[in-house]
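> Input file: upload-v1.cif. Contents: mmCIF, C-alpha atoms.
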```cif
data_entry
loop_
_atom_site.group_PDB
_atom_site.id
_atom_site.type_symbol
_atom_site.label_atom_id
_atom_site.label_comp_id
_atom_site.auth_asym_id
_atom_site.auth_seq_id
_atom_site.Cartn_x
_atom_site.Cartn_y
_atom_site.Cartn_z
ATOM 1 C CA MET A 29 -33.827 17.990 23.331
ATOM 2 C CA GLU A 30 -30.851 19.072 25.354
ATOM 3 C CA ASP A 31 -32.918 20.185 28.370
ATOM 4 C CA ASP A 32 -35.013 17.014 28.400
ATOM 5 C CA LYS A 33 -33.904 15.020 31.440
ATOM 6 C CA ASN A 34 -34.596 11.391 32.093
ATOM 7 C CA SER A 35 -35.278 10.839 35.767
ATOM 8 C CA ALA A 36 -35.924 7.109 35.621
ATOM 9 C CA PRO A 37 -33.889 5.182 38.206
ATOM 10 C CA VAL A 38 -30.972 3.064 37.096
ATOM 11 C CA SER A 39 -31.491 -0.583 37.963
ATOM 12 C CA GLY A 40 -28.556 -2.528 39.299
ATOM 13 C CA ALA A 41 -29.948 -5.659 37.650
ATOM 14 C CA THR A 42 -29.428 -4.356 34.125
ATOM 15 C CA ILE A 43 -25.925 -3.570 32.943
ATOM 16 C CA LEU A 44 -26.472 -2.659 29.303
ATOM 17 C CA THR A 45 -29.352 -1.185 27.309
ATOM 18 C CA ILE A 46 -28.991 -1.395 23.524
ATOM 19 C CA SER A 47 -31.046 0.961 21.353
ATOM 20 C CA ILE A 48 -31.487 0.257 17.634
ATOM 21 C CA ALA A 49 -33.681 2.268 15.280
ATOM 22 C CA THR A 50 -34.652 0.737 11.945
ATOM 23 C CA TRP A 51 -36.677 1.538 8.860
ATOM 24 C CA ASN A 52 -37.388 -1.030 6.121
ATOM 25 C CA ASN A 53 -34.110 -2.838 6.807
ATOM 26 C CA CYS A 54 -35.502 -6.193 7.893
ATOM 27 C CA ASP A 55 -32.548 -8.330 6.770
ATOM 28 C CA LEU A 56 -29.928 -5.926 8.117
ATOM 29 C CA VAL A 57 -31.496 -5.446 11.541
ATOM 30 C CA SER A 58 -31.988 -9.225 11.842
ATOM 31 C CA ALA A 59 -28.280 -9.761 11.164
ATOM 32 C CA CYS A 60 -27.470 -7.068 13.720
ATOM 33 C CA LEU A 61 -29.621 -8.729 16.395
ATOM 34 C CA ARG A 62 -28.093 -12.147 15.706
ATOM 35 C CA SER A 63 -24.612 -10.684 16.110
ATOM 36 C CA ILE A 64 -25.632 -9.144 19.435
ATOM 37 C CA GLU A 65 -26.859 -12.527 20.670
ATOM 38 C CA ASN A 66 -23.580 -14.147 19.633
ATOM 39 C CA SER A 67 -21.539 -11.347 21.191
ATOM 40 C CA LEU A 68 -23.283 -11.361 24.559
ATOM 41 C CA SER A 69 -23.735 -15.049 25.265
ATOM 42 C CA PRO A 70 -20.117 -15.987 26.178
ATOM 43 C CA ASP A 71 -19.557 -13.186 28.687
ATOM 44 C CA GLU A 72 -21.274 -13.153 32.068
ATOM 45 C CA SER A 73 -20.544 -9.444 32.622
ATOM 46 C CA VAL A 74 -23.080 -8.459 29.947
ATOM 47 C CA GLU A 75 -25.696 -11.179 30.402
ATOM 48 C CA ARG A 76 -28.053 -8.678 32.022
ATOM 49 C CA THR A 77 -28.830 -6.795 28.822
ATOM 50 C CA GLU A 78 -32.012 -5.296 27.438
ATOM 51 C CA VAL A 79 -32.300 -4.737 23.692
ATOM 52 C CA TYR A 80 -34.761 -2.258 22.205
ATOM 53 C CA VAL A 81 -35.627 -1.904 18.533
ATOM 54 C CA VAL A 82 -37.575 1.154 17.413
ATOM 55 C CA ASP A 83 -39.376 0.292 14.180
ATOM 56 C CA ASN A 84 -39.702 3.576 12.326
ATOM 57 C CA ALA A 85 -43.025 2.787 10.592
ATOM 58 C CA SER A 86 -41.503 0.100 8.354
ATOM 59 C CA THR A 87 -43.602 -1.499 5.622
ATOM 60 C CA ASP A 88 -41.402 -4.539 4.897
ATOM 61 C CA GLY A 89 -42.494 -6.744 7.792
ATOM 62 C CA THR A 90 -39.651 -5.716 10.097
ATOM 63 C CA ALA A 91 -41.802 -5.610 13.245
ATOM 64 C CA GLU A 92 -43.365 -9.006 12.574
ATOM 65 C CA THR A 93 -39.974 -10.579 11.878
ATOM 66 C CA ILE A 94 -38.426 -9.228 15.072
ATOM 67 C CA HIS A 95 -41.438 -10.278 17.142
ATOM 68 C CA SER A 96 -41.256 -13.862 15.860
ATOM 69 C CA ARG A 97 -37.496 -14.399 15.615
ATOM 70 C CA PHE A 98 -36.273 -12.314 18.546
ATOM 71 C CA PRO A 99 -38.944 -12.578 21.275
ATOM 72 C CA SER A 100 -36.666 -11.137 23.972
ATOM 73 C CA VAL A 101 -36.244 -7.864 22.067
ATOM 74 C CA ARG A 102 -38.395 -4.986 23.303
ATOM 75 C CA LEU A 103 -40.099 -3.555 20.243
ATOM 76 C CA ILE A 104 -41.339 0.026 19.914
ATOM 77 C CA CYS A 105 -43.409 0.634 16.781
ATOM 78 C CA ASN A 106 -43.845 4.181 15.503
ATOM 79 C CA ASP A 107 -46.991 5.023 13.564
ATOM 80 C CA ARG A 108 -45.032 7.578 11.530
ATOM 81 C CA PRO A 109 -41.354 8.043 10.581
ATOM 82 C CA MET A 110 -39.255 9.963 13.085
ATOM 83 C CA GLY A 111 -35.645 11.182 13.150
ATOM 84 C CA PHE A 112 -32.566 9.529 14.625
ATOM 85 C CA SER A 113 -32.681 11.450 17.912
ATOM 86 C CA ALA A 114 -36.445 11.148 18.419
ATOM 87 C CA ASN A 115 -36.264 7.398 17.833
ATOM 88 C CA HIS A 116 -33.427 6.754 20.267
ATOM 89 C CA ASN A 117 -34.770 9.167 22.880
ATOM 90 C CA GLN A 118 -37.806 6.909 23.255
ATOM 91 C CA VAL A 119 -35.430 4.222 24.519
ATOM 92 C CA LEU A 120 -33.178 6.539 26.519
ATOM 93 C CA ARG A 121 -36.141 7.737 28.569
ATOM 94 C CA CYS A 122 -36.885 4.235 29.833
ATOM 95 C CA ALA A 123 -33.423 2.624 29.728
ATOM 96 C CA LYS A 124 -32.525 0.718 32.910
ATOM 97 C CA GLY A 125 -28.957 -0.214 32.005
ATOM 98 C CA ARG A 126 -25.912 1.220 33.707
ATOM 99 C CA TYR A 127 -24.674 1.862 30.167
ATOM 100 C CA VAL A 128 -26.655 2.699 27.031
ATOM 101 C CA LEU A 129 -25.480 1.743 23.547
ATOM 102 C CA LEU A 130 -26.722 3.502 20.424
ATOM 103 C CA LEU A 131 -26.261 1.047 17.573
ATOM 104 C CA ASN A 132 -27.120 1.329 13.878
ATOM 105 C CA ASP A 133 -29.310 -1.341 12.349
ATOM 106 C CA ASP A 134 -26.742 -1.778 9.549
ATOM 107 C CA THR A 135 -24.001 -2.983 11.897
ATOM 108 C CA VAL A 136 -22.699 -6.409 12.875
ATOM 109 C CA VAL A 137 -20.951 -6.859 16.215
ATOM 110 C CA VAL A 138 -17.695 -8.806 15.898
ATOM 111 C CA GLY A 139 -16.721 -11.236 18.669
ATOM 112 C CA ASN A 140 -16.853 -9.877 22.211
ATOM 113 C CA ALA A 141 -16.736 -6.199 21.206
ATOM 114 C CA LEU A 142 -19.639 -5.232 23.473
ATOM 115 C CA ALA A 143 -18.191 -7.085 26.450
ATOM 116 C CA ARG A 144 -14.882 -5.286 25.936
ATOM 117 C CA ALA A 145 -16.622 -1.911 25.831
ATOM 118 C CA VAL A 146 -18.568 -2.624 29.026
ATOM 119 C CA ARG A 147 -15.444 -3.905 30.776
ATOM 120 C CA PHE A 148 -13.539 -0.765 29.764
ATOM 121 C CA MET A 149 -16.257 1.465 31.207
ATOM 122 C CA GLU A 150 -16.268 -0.551 34.420
ATOM 123 C CA ILE A 151 -12.556 -0.058 35.085
ATOM 124 C CA HIS A 152 -12.315 3.532 33.782
ATOM 125 C CA PRO A 153 -14.708 5.663 35.855
ATOM 126 C CA GLU A 154 -13.517 8.830 34.093
ATOM 127 C CA ALA A 155 -14.880 7.540 30.769
ATOM 128 C CA GLY A 156 -18.219 9.072 29.925
ATOM 129 C CA ALA A 157 -18.535 7.387 26.542
ATOM 130 C CA VAL A 158 -16.758 4.718 24.541
ATOM 131 C CA GLY A 159 -17.057 3.485 20.990
ATOM 132 C CA CYS A 160 -15.976 0.414 19.093
ATOM 133 C CA THR A 161 -13.929 0.721 15.896
ATOM 134 C CA LEU A 162 -16.211 0.737 12.856
ATOM 135 C CA VAL A 163 -14.925 -1.344 9.958
ATOM 136 C CA LYS A 164 -16.139 -1.862 6.426
ATOM 137 C CA PRO A 165 -17.422 -5.307 5.373
ATOM 138 C CA ASP A 166 -13.944 -6.097 4.005
ATOM 139 C CA GLY A 167 -12.412 -5.401 7.429
ATOM 140 C CA THR A 168 -10.869 -2.040 6.572
ATOM 141 C CA PRO A 169 -11.375 0.524 9.373
ATOM 142 C CA GLU A 170 -13.524 3.482 8.429
ATOM 143 C CA ARG A 171 -11.572 6.707 8.237
ATOM 144 C CA ILE A 172 -13.688 9.104 10.265
ATOM 145 C CA SER A 173 -12.883 12.354 11.989
ATOM 146 C CA GLN A 174 -12.422 11.961 15.742
ATOM 147 C CA ARG A 175 -12.196 15.636 16.726
ATOM 148 C CA PHE A 176 -14.736 18.423 16.948
ATOM 149 C CA PRO A 177 -15.296 20.519 13.802
ATOM 150 C CA HIS A 178 -12.911 23.347 13.004
ATOM 151 C CA PRO A 179 -14.193 26.357 11.018
ATOM 152 C CA LEU A 180 -11.423 25.959 8.434
ATOM 153 C CA ASP A 181 -11.984 22.222 7.883
ATOM 154 C CA PRO A 182 -13.456 22.751 4.377
ATOM 155 C CA ILE A 183 -10.364 24.662 3.201
ATOM 156 C CA PHE A 184 -7.758 22.620 5.094
ATOM 157 C CA PRO A 185 -9.077 19.019 5.258
ATOM 158 C CA SER A 186 -5.923 17.877 7.071
ATOM 159 C CA LEU A 187 -7.283 19.604 10.190
ATOM 160 C CA ARG A 188 -9.872 16.840 10.510
ATOM 161 C CA ARG A 189 -7.265 14.465 11.952
ATOM 162 C CA LYS A 190 -8.794 11.266 10.654
ATOM 163 C CA ILE A 191 -7.955 7.834 11.964
ATOM 164 C CA ASP A 192 -4.781 6.216 10.637
ATOM 165 C CA PRO A 193 -5.437 2.457 10.965
ATOM 166 C CA ARG A 194 -1.795 1.586 10.291
ATOM 167 C CA SER A 195 -0.413 3.673 13.150
ATOM 168 C CA GLU A 196 -3.011 2.287 15.546
ATOM 169 C CA ALA A 197 -2.156 -1.272 14.543
ATOM 170 C CA ALA A 198 1.510 -0.551 15.139
ATOM 171 C CA ASN A 199 0.894 1.013 18.545
ATOM 172 C CA ARG A 200 -1.619 -1.661 19.558
ATOM 173 C CA ALA A 201 -3.320 0.879 21.799
ATOM 174 C CA GLU A 202 -5.962 -0.451 24.162
ATOM 175 C CA ALA A 203 -7.908 2.790 23.884
ATOM 176 C CA VAL A 204 -7.592 6.083 22.035
ATOM 177 C CA GLU A 205 -8.972 9.264 23.586
ATOM 178 C CA VAL A 206 -11.004 11.258 21.072
ATOM 179 C CA ASP A 207 -13.306 14.259 20.984
ATOM 180 C CA ARG A 208 -16.240 12.503 19.412
ATOM 181 C CA LEU A 209 -17.627 9.150 18.286
ATOM 182 C CA SER A 210 -20.036 8.030 15.602
ATOM 183 C CA GLY A 211 -23.644 7.480 16.634
ATOM 184 C CA ALA A 212 -23.501 4.211 14.697
ATOM 185 C CA CYS A 213 -21.885 2.665 17.794
ATOM 186 C CA LEU A 214 -21.815 4.904 20.859
ATOM 187 C CA MET A 215 -21.907 3.663 24.475
ATOM 188 C CA VAL A 216 -22.694 6.223 27.181
ATOM 189 C CA ARG A 217 -22.972 6.029 30.958
ATOM 190 C CA ARG A 218 -26.638 6.172 31.866
ATOM 191 C CA GLU A 219 -25.989 8.748 34.625
ATOM 192 C CA ILE A 220 -24.563 11.196 32.078
ATOM 193 C CA LEU A 221 -27.929 11.526 30.362
ATOM 194 C CA ASP A 222 -29.336 12.958 33.597
ATOM 195 C CA GLN A 223 -26.444 15.412 33.655
ATOM 196 C CA VAL A 224 -26.259 16.636 30.050
ATOM 197 C CA GLY A 225 -29.636 15.642 28.611
ATOM 198 C CA LEU A 226 -30.772 13.360 25.809
ATOM 199 C CA LEU A 227 -30.111 13.617 22.087
ATOM 200 C CA ASP A 228 -31.043 17.006 20.631
ATOM 201 C CA GLU A 229 -33.980 16.435 18.279
ATOM 202 C CA ARG A 230 -33.278 19.668 16.412
ATOM 203 C CA PHE A 231 -30.684 17.670 14.468
ATOM 204 C CA ASP A 232 -33.339 15.298 13.109
ATOM 205 C CA PRO A 233 -33.816 13.559 10.782
ATOM 206 C CA ALA A 234 -30.108 12.707 11.099
ATOM 207 C CA TYR A 235 -26.478 13.879 11.306
ATOM 208 C CA GLY A 236 -24.722 15.950 13.962
ATOM 209 C CA GLU A 237 -26.568 14.648 17.011
ATOM 210 C CA ASP A 238 -23.659 12.369 17.975
ATOM 211 C CA THR A 239 -21.131 15.215 17.767
ATOM 212 C CA ASP A 240 -23.462 17.415 19.804
ATOM 213 C CA LEU A 241 -23.860 14.779 22.540
ATOM 214 C CA CYS A 242 -20.110 14.103 22.688
ATOM 215 C CA TYR A 243 -19.432 17.829 22.990
ATOM 216 C CA ARG A 244 -21.786 18.114 25.940
ATOM 217 C CA ILE A 245 -20.205 15.065 27.585
ATOM 218 C CA LYS A 246 -16.699 16.522 27.229
ATOM 219 C CA LYS A 247 -17.884 19.931 28.399
ATOM 220 C CA ALA A 248 -19.241 18.284 31.564
ATOM 221 C CA GLY A 249 -15.741 17.003 32.360
ATOM 222 C CA TRP A 250 -15.935 13.393 31.143
ATOM 223 C CA ARG A 251 -13.510 11.681 28.768
ATOM 224 C CA ILE A 252 -14.348 9.845 25.544
ATOM 225 C CA TYR A 253 -12.502 6.821 24.162
ATOM 226 C CA ARG A 254 -12.534 4.538 21.138
ATOM 227 C CA LEU A 255 -11.369 0.930 21.372
ATOM 228 C CA PRO A 256 -9.282 -0.167 18.345
ATOM 229 C CA GLY A 257 -9.544 -3.839 19.334
ATOM 230 C CA ALA A 258 -13.345 -3.880 19.649
ATOM 231 C CA ARG A 259 -14.718 -4.034 16.123
ATOM 232 C CA VAL A 260 -18.164 -3.529 14.638
ATOM 233 C CA ILE A 261 -18.853 -3.991 10.926
ATOM 234 C CA HIS A 262 -20.727 -1.034 9.451
ATOM 235 C CA HIS A 263 -22.575 -1.397 6.147
ATOM 236 C CA ARG A 264 -22.273 2.354 5.727
ATOM 237 C CA GLY A 265 -24.968 4.082 3.718
ATOM 238 C CA GLN A 266 -27.524 1.281 3.942
ATOM 239 C CA THR A 267 -29.568 3.067 6.585
ATOM 240 C CA ALA A 268 -29.629 6.463 4.879
ATOM 241 C CA ARG A 269 -30.672 5.216 1.414
ATOM 242 C CA ARG A 270 -30.590 8.660 -0.101
ATOM 243 C CA GLU A 271 -28.769 10.330 -2.941
ATOM 244 C CA PHE A 272 -25.269 11.522 -2.194
ATOM 245 C CA ALA A 273 -26.215 15.121 -2.981
ATOM 246 C CA GLU A 274 -29.092 15.103 -0.482
ATOM 247 C CA GLN A 275 -26.891 13.396 2.092
ATOM 248 C CA ALA A 276 -24.218 16.069 1.624
ATOM 249 C CA ARG A 277 -26.784 18.845 2.102
ATOM 250 C CA ARG A 278 -28.204 17.396 5.313
ATOM 251 C CA LEU A 279 -24.767 16.747 6.740
ATOM 252 C CA GLN A 280 -23.721 20.305 5.972
ATOM 253 C CA GLU A 281 -26.861 21.779 7.524
ATOM 254 C CA ALA A 282 -26.276 19.751 10.695
ATOM 255 C CA LYS A 283 -22.770 21.198 10.965
ATOM 256 C CA PHE A 284 -24.148 24.716 10.629
ATOM 257 C CA LEU A 285 -26.587 24.019 13.451
ATOM 258 C CA TRP A 286 -23.771 22.637 15.631
ATOM 259 C CA TYR A 287 -21.689 25.790 15.052
ATOM 260 C CA ARG A 288 -24.623 28.066 15.835
ATOM 261 C CA LYS A 289 -25.410 26.145 19.036
ATOM 262 C CA HIS A 290 -21.916 25.749 20.467
ATOM 263 C CA ARG A 291 -19.700 28.371 18.807
ATOM 264 C CA GLY A 292 -22.034 31.291 18.193
ATOM 265 C CA ARG A 293 -23.262 33.141 15.134
ATOM 266 C CA ALA A 294 -19.874 34.636 14.184
ATOM 267 C CA MET A 295 -18.156 31.241 14.029
ATOM 268 C CA GLN A 296 -21.118 29.811 12.155
ATOM 269 C CA TRP A 297 -20.743 32.420 9.436
ATOM 270 C CA LEU A 298 -16.970 31.909 9.312
ATOM 271 C CA TYR A 299 -17.593 28.208 8.724
ATOM 272 C CA LYS A 300 -20.247 28.970 6.093
ATOM 273 C CA THR A 301 -17.785 31.208 4.274
ATOM 274 C CA ALA A 302 -15.141 28.465 4.334
ATOM 275 C CA VAL A 303 -17.665 25.950 2.965
ATOM 276 C CA MET A 304 -18.691 28.245 0.114
ATOM 277 C CA VAL A 305 -15.091 29.141 -0.819
ATOM 278 C CA ALA A 306 -13.898 25.525 -0.739
ATOM 279 C CA SER A 307 -16.946 24.251 -2.656
ATOM 280 C CA LEU A 308 -16.674 26.863 -5.407
ATOM 281 C CA ILE A 309 -12.959 26.138 -5.849
ATOM 282 C CA GLN A 310 -13.634 22.393 -6.122
ATOM 283 C CA ILE A 311 -16.462 22.979 -8.603
ATOM 284 C CA ALA A 312 -14.065 24.990 -10.775
ATOM 285 C CA ILE A 313 -11.534 22.151 -10.592
ATOM 286 C CA CYS A 314 -14.238 19.684 -11.693
ATOM 287 C CA LEU A 315 -15.222 21.619 -14.818
ATOM 288 C CA PRO A 316 -12.389 20.340 -17.086
ATOM 289 C CA LEU A 317 -13.317 16.755 -16.175
ATOM 290 C CA PHE A 318 -16.625 17.147 -18.030
ATOM 291 C CA LEU A 319 -14.566 17.112 -21.230
ATOM 292 C CA VAL A 320 -13.227 13.615 -20.444
ATOM 293 C CA PRO A 321 -15.936 11.021 -21.259
ATOM 294 C CA ARG A 322 -14.818 8.418 -18.717
ATOM 295 C CA ARG A 323 -14.654 11.033 -15.939
ATOM 296 C CA ARG A 324 -17.829 12.899 -16.815
ATOM 297 C CA GLU A 325 -20.272 10.990 -14.633
ATOM 298 C CA ALA A 326 -18.019 11.130 -11.555
ATOM 299 C CA ALA A 327 -17.497 14.856 -12.116
ATOM 300 C CA ARG A 328 -21.244 15.376 -12.438
ATOM 301 C CA GLU A 329 -21.948 13.558 -9.160
ATOM 302 C CA LYS A 330 -19.225 15.438 -7.308
ATOM 303 C CA SER A 331 -20.544 18.744 -8.641
ATOM 304 C CA ARG A 332 -24.022 17.872 -7.369
ATOM 305 C CA ARG A 333 -22.641 17.261 -3.877
ATOM 306 C CA LEU A 334 -20.656 20.493 -3.915
ATOM 307 C CA LYS A 335 -23.636 22.518 -5.123
ATOM 308 C CA SER A 336 -25.718 20.989 -2.325
ATOM 309 C CA ARG A 337 -23.183 22.245 0.211
ATOM 310 C CA VAL A 338 -23.366 25.752 -1.249
ATOM 311 C CA ARG A 339 -27.185 25.706 -1.172
ATOM 312 C CA ALA A 340 -27.069 24.572 2.445
ATOM 313 C CA ALA A 341 -24.808 27.523 3.305
ATOM 314 C CA PHE A 342 -27.234 29.990 1.735
ATOM 315 C CA GLY A 343 -30.362 28.350 3.058
ATOM 316 C CA SER A 344 -29.636 27.528 6.707
ATOM 317 C CA SER A 345 -29.749 30.971 8.309
ATOM 318 C CA TRP A 346 -33.089 30.111 9.951
ATOM 319 C CA TYR A 347 -31.432 27.738 12.432
ATOM 320 C CA SER A 348 -31.976 28.612 16.064
ATOM 321 C CA ALA A 349 -29.818 27.348 18.903
ATOM 322 C CA ASP A 350 -32.406 28.347 21.486
ATOM 323 C CA GLY A 351 -35.610 26.659 20.427
ATOM 324 C CA PRO A 352 -37.336 24.269 18.020
ATOM 325 C CA SER A 353 -36.392 24.539 14.375
ATOM 326 C CA ARG A 354 -37.677 23.096 11.132
ATOM 327 C CA ASP A 355 -36.767 19.570 10.144
ATOM 328 C CA LEU A 356 -33.453 19.247 8.277
ATOM 329 C CA ARG A 357 -35.230 18.075 5.110
#
```
Would you mind giving the structure from this file in structure tokens?

Amino acid sequence: MEDDKNSAPVSGATILTISIATWNNCDLVSACLRSIENSLSPDESVERTEVYVVDNASTDGTAETIHSRFPSVRLICNDRPMGFSANHNQVLRCAKGRYVLLLNDDTVVVGNALARAVRFMEIHPEAGAVGCTLVKPDGTPERISQRFPHPLDPIFPSLRRKIDPRSEAANRAEAVEVDRLSGACLMVRREILDQVGLLDERFDPAYGEDTDLCYRIKKAGWRIYRLPGARVIHHRGQTARREFAEQARRLQEAKFLWYRKHRGRAMQWLYKTAVMVASLIQIAICLPLFLVPRRREAAREKSRRLKSRVRAAFGSSWYSADGPSRDLR
């Protein structure tokens, strides 16, 4: 939760703490851990690293595999499934590193990406958080929004200001300042967690907690950067393993909670209105596609996602920004 402070001392002997949460992804998390080993070994600046894996009550032998193949990894085994924030907060409370990295189990670190991120933080004391560039398995950078949500995003998608990989390649920027980073690969100064708090577990099971943390970091006066040259492969969607419609609903509900917490009830309802208007318009546009056999299935799936967004808008008024709320099921 936001007011949950971690008072554990930061050890000068440990530079980096890596936190990975996993659930029934034995092969993926093993590949992730191997890539971390390969990434860290050549660089002395990140030799002093502790790696935690939180096994979220897996039933596929994940814990046994990690214990036997990666004996240096510190394993936390949950007896029941928990959300993204609750899982990582277990590590954040005991992290000894000067920097803490939240890393998805469906990622693969490329080259010396982690060393570059640590080095950047070392020479840029104004940086509160830094993220590597997430790329698809084919090497194409993911196009993700790097600014905080705007209430008219649903109606005017261009406001999202997504990454343009071509312009970044042309500029060859060492770092790009952004509003927010993806929790799939997010490095934070350990001292900041004492200042702004841990991940807010009201966003569990997933979505929105990374935007919320980045907002609090920026509000506290720190700057946030992404490194185009430090790359991490993201097998997007492998961790969630849920239908697109359900994923769309949870993501939308998390955005409503973020608006209620940081922008107030009026802005939350403005955003809800924009979501409903944009979704209903897109559903109307999809209707003629049902008459085209080869487009029918795609239209049906898109309609499901849009209807899920509308249901989320009507059903999320119980969110509270002041206390515990129900799980985002």
> The PyMOL selection byres ((chain A and resi 281-288) around 7) on the file shown: which residues, as a PyMOL selection string?
chain A and resi 231+235-236+240+277-280+289-293+295-296+340+344+347+349
> One decimal, Å: what's the distance from CA of Phe112 (chain A) over to CA of Cys213 (chain A), could you say?
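Taking CA of Phe112 (chain A) as the start and CA of Cys213 (chain A) as the end point, the length is 13.1 Å.
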> Would you mind reading off the distance between CA of Asn106 (chain A) and CA of Thr93 (chain A), one decimal, in Å?
15.7 Å
> So what do you get for CA of Arg126 (chain A) versus CA of Val81 (chain A), distance-wise?
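The value is 18.3 Å.
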> If we draw a sphere of 8 Å around (-19.4, 7.6, 13.3), which residues have at least one atom in it when counting all atoms listed in the file? Please report them as a tab-separated table (two decimals) with C-alpha atoms, in the frame of the given file.

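Output saved as point_38.tsv:
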```
chain	number	residue	atom	x	y	z
A	162	LEU	CA	-16.21	0.74	12.86
A	172	ILE	CA	-13.69	9.10	10.26
A	209	LEU	CA	-17.63	9.15	18.29
A	210	SER	CA	-20.04	8.03	15.60
A	211	GLY	CA	-23.64	7.48	16.63
A	212	ALA	CA	-23.50	4.21	14.70
A	213	CYS	CA	-21.88	2.66	17.79
A	238	ASP	CA	-23.66	12.37	17.98
```
> Need to verify the contact set: Glu150 (chain A), 12 Å, all atoms listed in the file, exclusion of same-chain residues closer than 3 positions in sequence. Can you return it as a VMD selection string?
chain A and resid 43 to 44 73 to 74 126 to 127 143 to 147 153 to 158 216 to 217
> Would you put the residues from that selection into a file with C-alpha atoms, as a compact mmCIF listing (two decimals), in the coordinates of the input?

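The resulting file, result-v1.txt, is reproduced below:
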```txt
# COMPACT_ATOMS: atom_id res chain seq x y z
CA ILE A 43 -25.92 -3.57 32.94
CA LEU A 44 -26.47 -2.66 29.30
CA SER A 73 -20.54 -9.44 32.62
CA VAL A 74 -23.08 -8.46 29.95
CA ARG A 126 -25.91 1.22 33.71
CA TYR A 127 -24.67 1.86 30.17
CA ALA A 143 -18.19 -7.08 26.45
CA ARG A 144 -14.88 -5.29 25.94
CA ALA A 145 -16.62 -1.91 25.83
CA VAL A 146 -18.57 -2.62 29.03
CA ARG A 147 -15.44 -3.90 30.78
CA PRO A 153 -14.71 5.66 35.85
CA GLU A 154 -13.52 8.83 34.09
CA ALA A 155 -14.88 7.54 30.77
CA GLY A 156 -18.22 9.07 29.92
CA ALA A 157 -18.54 7.39 26.54
CA VAL A 158 -16.76 4.72 24.54
CA VAL A 216 -22.69 6.22 27.18
CA ARG A 217 -22.97 6.03 30.96
```
> Out of A:Leu221, A:Asp232, A:Asp166, A:Gly159, which residue has the shortest atom-to-atom distance to Ala203 (chain A) when counting all atoms listed in the file?
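Distance minimum relative to Ala203 (chain A) lands on A:Gly159.
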> List as a VMD selection string the protein and nucleic acid residues near Gly167 (chain A), meaning an atom at most 12 Å away when only C-alpha atoms are counted, but skip any in the same chain fewer than 6 places from it.
chain A and resid 136 138 161 193 259 to 263
> Can you give me N, CA and C atoms for region 108-121 of chain A, written as a CSV table (one decimal), in the coordinates of the input?

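Saved as selection_29.csv:
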```
chain,number,residue,atom,x,y,z
A,108,ARG,N,-45.5,6.7,12.6
A,108,ARG,CA,-45.0,7.6,11.5
A,108,ARG,C,-43.5,7.7,11.6
A,109,PRO,N,-42.8,7.9,10.5
A,109,PRO,CA,-41.4,8.0,10.6
A,109,PRO,C,-40.9,9.2,11.5
A,110,MET,N,-39.8,8.9,12.2
A,110,MET,CA,-39.3,10.0,13.1
A,110,MET,C,-37.8,10.0,12.8
A,111,GLY,N,-37.1,11.0,13.4
A,111,GLY,CA,-35.6,11.2,13.2
A,111,GLY,C,-34.8,10.3,14.1
A,112,PHE,N,-33.5,10.3,13.8
A,112,PHE,CA,-32.6,9.5,14.6
A,112,PHE,C,-32.7,9.8,16.1
A,113,SER,N,-32.6,11.1,16.5
A,113,SER,CA,-32.7,11.4,17.9
A,113,SER,C,-34.0,11.1,18.5
A,114,ALA,N,-35.1,11.4,17.9
A,114,ALA,CA,-36.4,11.1,18.4
A,114,ALA,C,-36.6,9.7,18.6
A,115,ASN,N,-36.2,8.8,17.7
A,115,ASN,CA,-36.3,7.4,17.8
A,115,ASN,C,-35.5,6.9,19.1
A,116,HIS,N,-34.2,7.3,19.2
A,116,HIS,CA,-33.4,6.8,20.3
A,116,HIS,C,-33.8,7.3,21.6
A,117,ASN,N,-34.3,8.6,21.6
A,117,ASN,CA,-34.8,9.2,22.9
A,117,ASN,C,-35.9,8.4,23.5
A,118,GLN,N,-36.7,7.7,22.7
A,118,GLN,CA,-37.8,6.9,23.3
A,118,GLN,C,-37.2,5.8,24.1
A,119,VAL,N,-36.1,5.3,23.7
A,119,VAL,CA,-35.4,4.2,24.5
A,119,VAL,C,-34.7,4.8,25.7
A,120,LEU,N,-34.0,5.9,25.5
A,120,LEU,CA,-33.2,6.5,26.5
A,120,LEU,C,-34.0,7.0,27.7
A,121,ARG,N,-35.3,7.3,27.5
A,121,ARG,CA,-36.1,7.7,28.6
A,121,ARG,C,-36.5,6.6,29.5
```
